[in-house]
>>> print(open('coords_16.csv').read())   # CSV, C-alpha atoms
chain,number,residue,atom,x,y,z
A,29,MET,CA,15.1,-11.4,-20.8
A,30,SER,CA,18.6,-10.4,-21.9
A,31,GLU,CA,20.5,-7.6,-20.2
A,32,ALA,CA,20.8,-5.7,-23.5
A,33,LYS,CA,17.0,-5.7,-24.1
A,34,SER,CA,16.5,-4.7,-20.4
A,35,GLU,CA,18.8,-1.7,-20.9
A,36,ARG,CA,16.7,-0.3,-23.8
A,37,ILE,CA,13.8,0.4,-21.4
A,38,PRO,CA,14.2,3.8,-19.6
A,39,ALA,CA,15.6,3.4,-16.1
A,40,ALA,CA,12.6,5.1,-14.5
A,41,GLU,CA,10.2,2.7,-16.2
A,42,ARG,CA,12.3,-0.3,-15.3
A,43,ARG,CA,12.5,0.9,-11.7
A,44,GLU,CA,8.7,0.9,-11.5
A,45,GLN,CA,8.5,-2.5,-13.1
A,46,ILE,CA,10.9,-3.9,-10.5
A,47,LEU,CA,8.9,-2.3,-7.7
A,48,ASP,CA,5.7,-3.7,-9.1
A,49,ALA,CA,7.2,-7.2,-9.1
A,50,ALA,CA,8.7,-6.7,-5.6
A,51,ALA,CA,5.3,-5.7,-4.2
A,52,LYS,CA,3.8,-9.0,-5.4
A,53,VAL,CA,6.7,-11.2,-4.3
A,54,PHE,CA,7.1,-9.6,-0.9
A,55,GLY,CA,3.4,-9.7,-0.4
A,56,GLU,CA,3.2,-13.4,-1.2
A,57,ARG,CA,6.4,-14.6,0.4
A,58,GLY,CA,7.1,-12.1,3.2
A,59,TYR,CA,10.3,-10.2,3.7
A,60,ALA,CA,12.3,-13.1,5.0
A,61,GLY,CA,11.1,-15.5,2.3
A,62,THR,CA,11.9,-13.2,-0.6
A,63,THR,CA,15.1,-13.0,-2.5
A,64,THR,CA,16.3,-10.4,-5.1
A,65,ASP,CA,16.5,-13.3,-7.6
A,66,GLN,CA,12.8,-14.0,-7.1
A,67,VAL,CA,12.0,-10.4,-7.7
A,68,ALA,CA,14.1,-10.4,-10.8
A,69,GLN,CA,12.4,-13.4,-12.2
A,70,ALA,CA,9.0,-11.8,-11.5
A,71,ALA,CA,10.1,-8.7,-13.3
A,72,GLY,CA,11.6,-10.6,-16.2
A,73,ILE,CA,15.2,-9.3,-15.7
A,74,SER,CA,18.5,-10.5,-14.3
A,75,GLN,CA,19.2,-10.5,-10.6
A,76,PRO,CA,22.4,-8.4,-11.0
A,77,TYR,CA,20.3,-5.7,-12.6
A,78,VAL,CA,18.0,-5.5,-9.5
A,79,VAL,CA,21.0,-5.3,-7.2
A,80,ARG,CA,22.7,-2.7,-9.4
A,81,MET,CA,19.6,-0.5,-9.3
A,82,PHE,CA,18.6,-0.9,-5.6
A,83,GLY,CA,21.7,-2.2,-3.9
A,84,SER,CA,20.2,-4.9,-1.6
A,85,LYS,CA,16.9,-6.6,-0.7
A,86,GLU,CA,16.6,-4.2,2.3
A,87,LYS,CA,17.0,-1.1,0.2
A,88,LEU,CA,14.6,-2.5,-2.3
A,89,PHE,CA,12.0,-3.1,0.3
A,90,CYS,CA,12.5,0.4,1.8
A,91,GLU,CA,11.9,1.9,-1.6
A,92,LEU,CA,8.8,-0.1,-1.9
A,93,LEU,CA,7.5,1.2,1.5
A,94,LEU,CA,8.4,4.8,0.3
A,95,ARG,CA,6.5,4.3,-2.9
A,96,ALA,CA,3.5,3.0,-1.0
A,97,ARG,CA,3.6,6.0,1.3
A,98,GLU,CA,3.9,8.5,-1.5
A,99,SER,CA,1.0,6.8,-3.4
A,100,LEU,CA,-1.2,7.1,-0.3
A,101,GLU,CA,-0.2,10.7,0.3
A,102,THR,CA,-0.9,11.6,-3.3
A,103,ARG,CA,-4.3,9.9,-3.2
A,104,LEU,CA,-5.3,11.7,0.0
A,105,ARG,CA,-4.1,15.1,-1.2
A,106,THR,CA,-5.9,14.6,-4.5
A,107,ALA,CA,-9.1,13.8,-2.6
A,108,LEU,CA,-8.6,16.8,-0.3
A,109,ALA,CA,-8.2,19.1,-3.3
A,110,ARG,CA,-11.7,18.3,-4.6
A,111,PRO,CA,-14.1,21.3,-4.3
A,112,GLU,CA,-16.8,19.3,-2.5
A,113,VAL,CA,-14.5,18.7,0.5
A,114,LYS,CA,-15.1,22.2,1.8
A,115,ALA,CA,-18.7,21.4,2.6
A,116,LEU,CA,-18.0,18.2,4.5
A,117,ASP,CA,-17.9,17.9,8.3
A,118,ALA,CA,-15.3,15.7,10.0
A,119,LYS,CA,-17.5,12.6,9.9
A,120,GLU,CA,-18.2,13.0,6.2
A,121,LEU,CA,-14.6,13.9,5.5
A,122,LYS,CA,-13.4,10.7,7.1
A,123,LYS,CA,-15.8,8.6,5.0
A,124,PHE,CA,-14.7,10.5,1.8
A,125,LEU,CA,-11.0,9.9,2.5
A,126,GLY,CA,-11.7,6.3,3.4
A,127,ARG,CA,-13.3,5.8,0.0
A,128,ALA,CA,-10.2,7.3,-1.6
A,129,TYR,CA,-8.0,4.8,0.3
A,130,VAL,CA,-10.1,1.8,-0.7
A,131,ASP,CA,-9.9,3.0,-4.3
A,132,LEU,CA,-6.1,2.9,-4.0
A,133,VAL,CA,-6.2,-0.6,-2.3
A,134,GLY,CA,-8.3,-1.9,-5.1
A,135,GLU,CA,-5.9,-0.7,-7.8
A,136,GLY,CA,-2.7,-2.5,-6.8
A,137,ASP,CA,-0.5,-4.3,-4.3
A,138,ILE,CA,-0.1,-1.8,-1.5
A,139,VAL,CA,-1.6,-3.5,1.5
A,140,LEU,CA,0.6,-6.6,1.9
A,141,PRO,CA,4.0,-4.7,1.6
A,142,LEU,CA,2.7,-2.2,4.2
A,143,ALA,CA,1.7,-5.1,6.5
A,144,GLN,CA,5.2,-6.6,6.1
A,145,GLY,CA,6.6,-3.2,7.0
A,146,PHE,CA,4.6,-3.1,10.2
A,147,LEU,CA,5.7,-6.6,11.1
A,148,LEU,CA,9.3,-5.5,10.7
A,149,GLY,CA,9.0,-2.6,13.2
A,150,HIS,CA,11.9,-4.2,15.2
A,151,ASP,CA,14.3,-3.9,12.2
A,152,PRO,CA,16.5,-0.8,12.7
A,153,VAL,CA,16.2,0.3,9.1
A,154,ILE,CA,12.9,-1.0,7.8
A,155,GLY,CA,11.2,-0.2,11.1
A,156,ARG,CA,12.3,3.4,10.8
A,157,TYR,CA,10.9,3.7,7.3
A,158,ALA,CA,7.6,2.2,8.5
A,159,ARG,CA,7.3,4.5,11.5
A,160,GLU,CA,8.2,7.6,9.5
A,161,GLY,CA,5.6,6.7,6.9
A,162,PHE,CA,2.9,6.1,9.5
A,163,LEU,CA,3.6,9.4,11.2
A,164,ASP,CA,3.7,11.3,7.9
A,165,ILE,CA,0.1,10.0,7.2
A,166,TYR,CA,-0.9,11.1,10.7
A,167,ARG,CA,0.4,14.6,10.2
A,168,LEU,CA,-1.2,14.9,6.8
A,169,LEU,CA,-4.6,14.0,8.2
A,170,ARG,CA,-4.2,16.3,11.2
A,171,ASP,CA,-2.6,19.3,9.5
A,172,GLU,CA,-3.9,19.2,5.9
A,173,ALA,CA,-7.2,17.5,6.4
A,174,GLY,CA,-7.9,19.4,9.6
A,175,LEU,CA,-8.9,16.4,11.6
A,176,SER,CA,-8.4,16.3,15.4
A,177,PRO,CA,-6.0,13.8,16.9
A,178,GLU,CA,-9.0,11.7,18.0
A,179,GLU,CA,-10.5,11.8,14.5
A,180,VAL,CA,-7.2,10.8,13.0
A,181,ARG,CA,-7.0,7.9,15.4
A,182,ASP,CA,-10.4,6.7,14.4
A,183,PHE,CA,-9.6,7.0,10.7
A,184,LEU,CA,-6.3,5.1,11.1
A,185,ALA,CA,-8.0,2.4,13.1
A,186,GLY,CA,-10.5,1.9,10.3
A,187,GLY,CA,-7.7,1.8,7.8
A,188,MET,CA,-5.9,-0.8,9.8
A,189,LEU,CA,-9.0,-2.9,9.9
A,190,LEU,CA,-9.2,-2.8,6.1
A,191,ASN,CA,-5.5,-3.7,5.9
A,192,THR,CA,-6.0,-6.6,8.3
A,193,LEU,CA,-9.0,-8.0,6.3
A,194,MET,CA,-7.0,-7.8,3.1
A,195,THR,CA,-3.9,-9.3,4.6
A,196,LEU,CA,-6.0,-12.2,6.0
A,197,GLN,CA,-7.4,-12.7,2.5
A,198,MET,CA,-10.8,-12.5,4.0
A,199,THR,CA,-12.3,-11.7,0.7
A,200,GLY,CA,-11.8,-15.3,-0.2
A,201,LEU,CA,-14.5,-16.2,2.3
A,202,TYR,CA,-17.1,-13.8,0.9
A,203,ASP,CA,-19.2,-16.4,-0.9
A,204,SER,CA,-18.9,-19.1,1.7
A,205,ASP,CA,-19.0,-17.5,5.2
A,206,ASP,CA,-21.9,-15.3,6.3
A,207,THR,CA,-19.9,-13.7,9.1
A,208,ALA,CA,-17.0,-12.8,6.7
A,209,ARG,CA,-19.5,-11.4,4.2
A,210,GLU,CA,-21.1,-9.2,6.9
A,211,LEU,CA,-17.8,-7.9,8.2
A,212,LEU,CA,-16.5,-7.2,4.7
A,213,GLY,CA,-19.7,-5.4,3.8
A,214,CYS,CA,-19.5,-3.3,7.0
A,215,ALA,CA,-15.8,-2.4,6.6
A,216,PHE,CA,-15.7,-1.6,2.8
A,217,GLY,CA,-19.3,-0.4,2.3
A,218,GLU,CA,-20.0,0.7,-1.3
A,219,LYS,CA,-16.4,0.0,-2.3
A,220,LEU,CA,-16.6,-3.7,-1.5
A,221,ASP,CA,-16.7,-4.7,-5.2
A,222,LEU,CA,-13.2,-3.1,-5.7
A,223,VAL,CA,-11.5,-5.5,-3.3
A,224,LEU,CA,-13.6,-8.5,-4.5
A,225,LYS,CA,-12.4,-8.1,-8.0
A,226,PRO,CA,-9.0,-10.0,-7.6
A,227,LYS,CA,-10.9,-12.9,-6.1
A,228,ALA,CA,-13.3,-13.0,-9.0
A,229,ALA,CA,-10.4,-12.9,-11.5
A,230,SER,CA,-8.4,-15.7,-9.9
>>> encode(input="coords_16.csv", output="structure tokens")
Amino acid sequence: MSEAKSERIPAAERREQILDAAAKVFGERGYAGTTTDQVAQAAGISQPYVVRMFGSKEKLFCELLLRARESLETRLRTALARPEVKALDAKELKKFLGRAYVDLVGEGDIVLPLAQGFLLGHDPVIGRYAREGFLDIYRLLRDEAGLSPEEVRDFLAGGMLLNTLMTLQMTGLYDSDDTARELLGCAFGEKLDLVLKPKAAS
């Protein structure tokens, strides 16, 4: 795609297009194996345009982590604002919020970039972004959802299990392995079809 044609698209829309492409490429190749040129090719634009907009691969990845965090926070707050939440006890609320998270997972490429961020906890810049994001979600669940520290711990542990299953591409074994099918059904419950959709479409 030519630079002139690229410039005709609003910057905010182009930014989201690049982040969408980056989520896929980072998710498939990992942080170390990804280049800004690969992201540019996936987005259908030039590599200098990506660098001009984000500055570096590191900054691009940090923006991707920030977007994932904001998407998750928005989804959780939207769920908490629903009127039926007031009648839920802590156990029911965790299930309700868990379903909201699975809905988000089923809609886009959020899990693999998050997993890459966790793996890069040793990195002085990316690790800080990942830790801040994790603690922000903890505070949201504690302060806004009203869960106790122990309840938040259990909720996050369940979420990490879902992330691990998705990162391992366990859904690819659903039809061929009874144990994988049992674990996936137990972990995702009624929302299992959402995470199986990409497998069926491939």
>>> closest_residue(input="coords_16.csv", among="A:Glu44, A:Glu56, A:Glu86, A:Asp205", to="Gly155 (chain A)", atoms="only C-alpha atoms")
A:Glu86
>>> residues_around(input="coords_16.csv", residues="Arg42 (chain A)", least_positions_apart="3", cutoff="12 Å", atoms="only C-alpha atoms", output="list in words")
Lys33, Ser34, Glu35, Arg36, Ile37, Pro38, Ala39, Gln45, Ile46, Leu47, Asp48, Ala49, Ala68, Ala71, Gly72, Ile73, Ser74, Tyr77, Val78, Met81 and Phe82 of chain A
>>> atom_distance(input="coords_16.csv", atom1="CA of Leu88 (chain A)", atom2="CA of Val139 (chain A)")
16.7 Å
>>> residues_around(input="coords_16.csv", residues="region 207-211 of chain A", least_positions_apart="4", cutoff="12 Å", atoms="all atoms listed in the file", output="number ranges by chain")
A: 189-190, 192-194, 196-203, 215-217, 220-221, 224
>>> atom_distance(input="coords_16.csv", atom1="CA of Gly58 (chain A)", atom2="CA of Gln144 (chain A)")
6.5 Å
>>> residues_near_point(input="coords_16.csv", point="(10.6, 1.9, -3.6)", cutoff="10 Å", atoms="only C-alpha atoms", output="list in words")
Arg43, Glu44, Ile46, Leu47, Asp48, Ala50, Ala51, Phe82, Lys87, Leu88, Phe89, Cys90, Glu91, Leu92, Leu93, Leu94, Arg95, Ala96, Arg97 and Glu98 of chain A
>>> atom_distance(input="coords_16.csv", atom1="CA of Glu101 (chain A)", atom2="CA of Gln66 (chain A)")
28.9 Å
>>> residues_around(input="coords_16.csv", residues="Gln75 (chain A)", least_positions_apart="6", cutoff="8 Å", atoms="all atoms listed in the file", output="PyMOL selection string")
chain A and resi 64-65+67-69
>>> write_last_selection(input="coords_16.csv", atoms="C-alpha atoms", output="compact mmCIF listing (two decimals), in the frame of the given file")
# COMPACT_ATOMS: atom_id res chain seq x y z
CA THR A 64 16.30 -10.40 -5.10
CA ASP A 65 16.50 -13.30 -7.60
CA VAL A 67 12.00 -10.40 -7.70
CA ALA A 68 14.10 -10.40 -10.80
CA GLN A 69 12.40 -13.40 -12.20
>>> closest_residue(input="coords_16.csv", among="A:Ala143, A:Thr62, A:Lys225, A:Gly174", to="Leu108 (chain A)", atoms="all atoms listed in the file")
A:Gly174
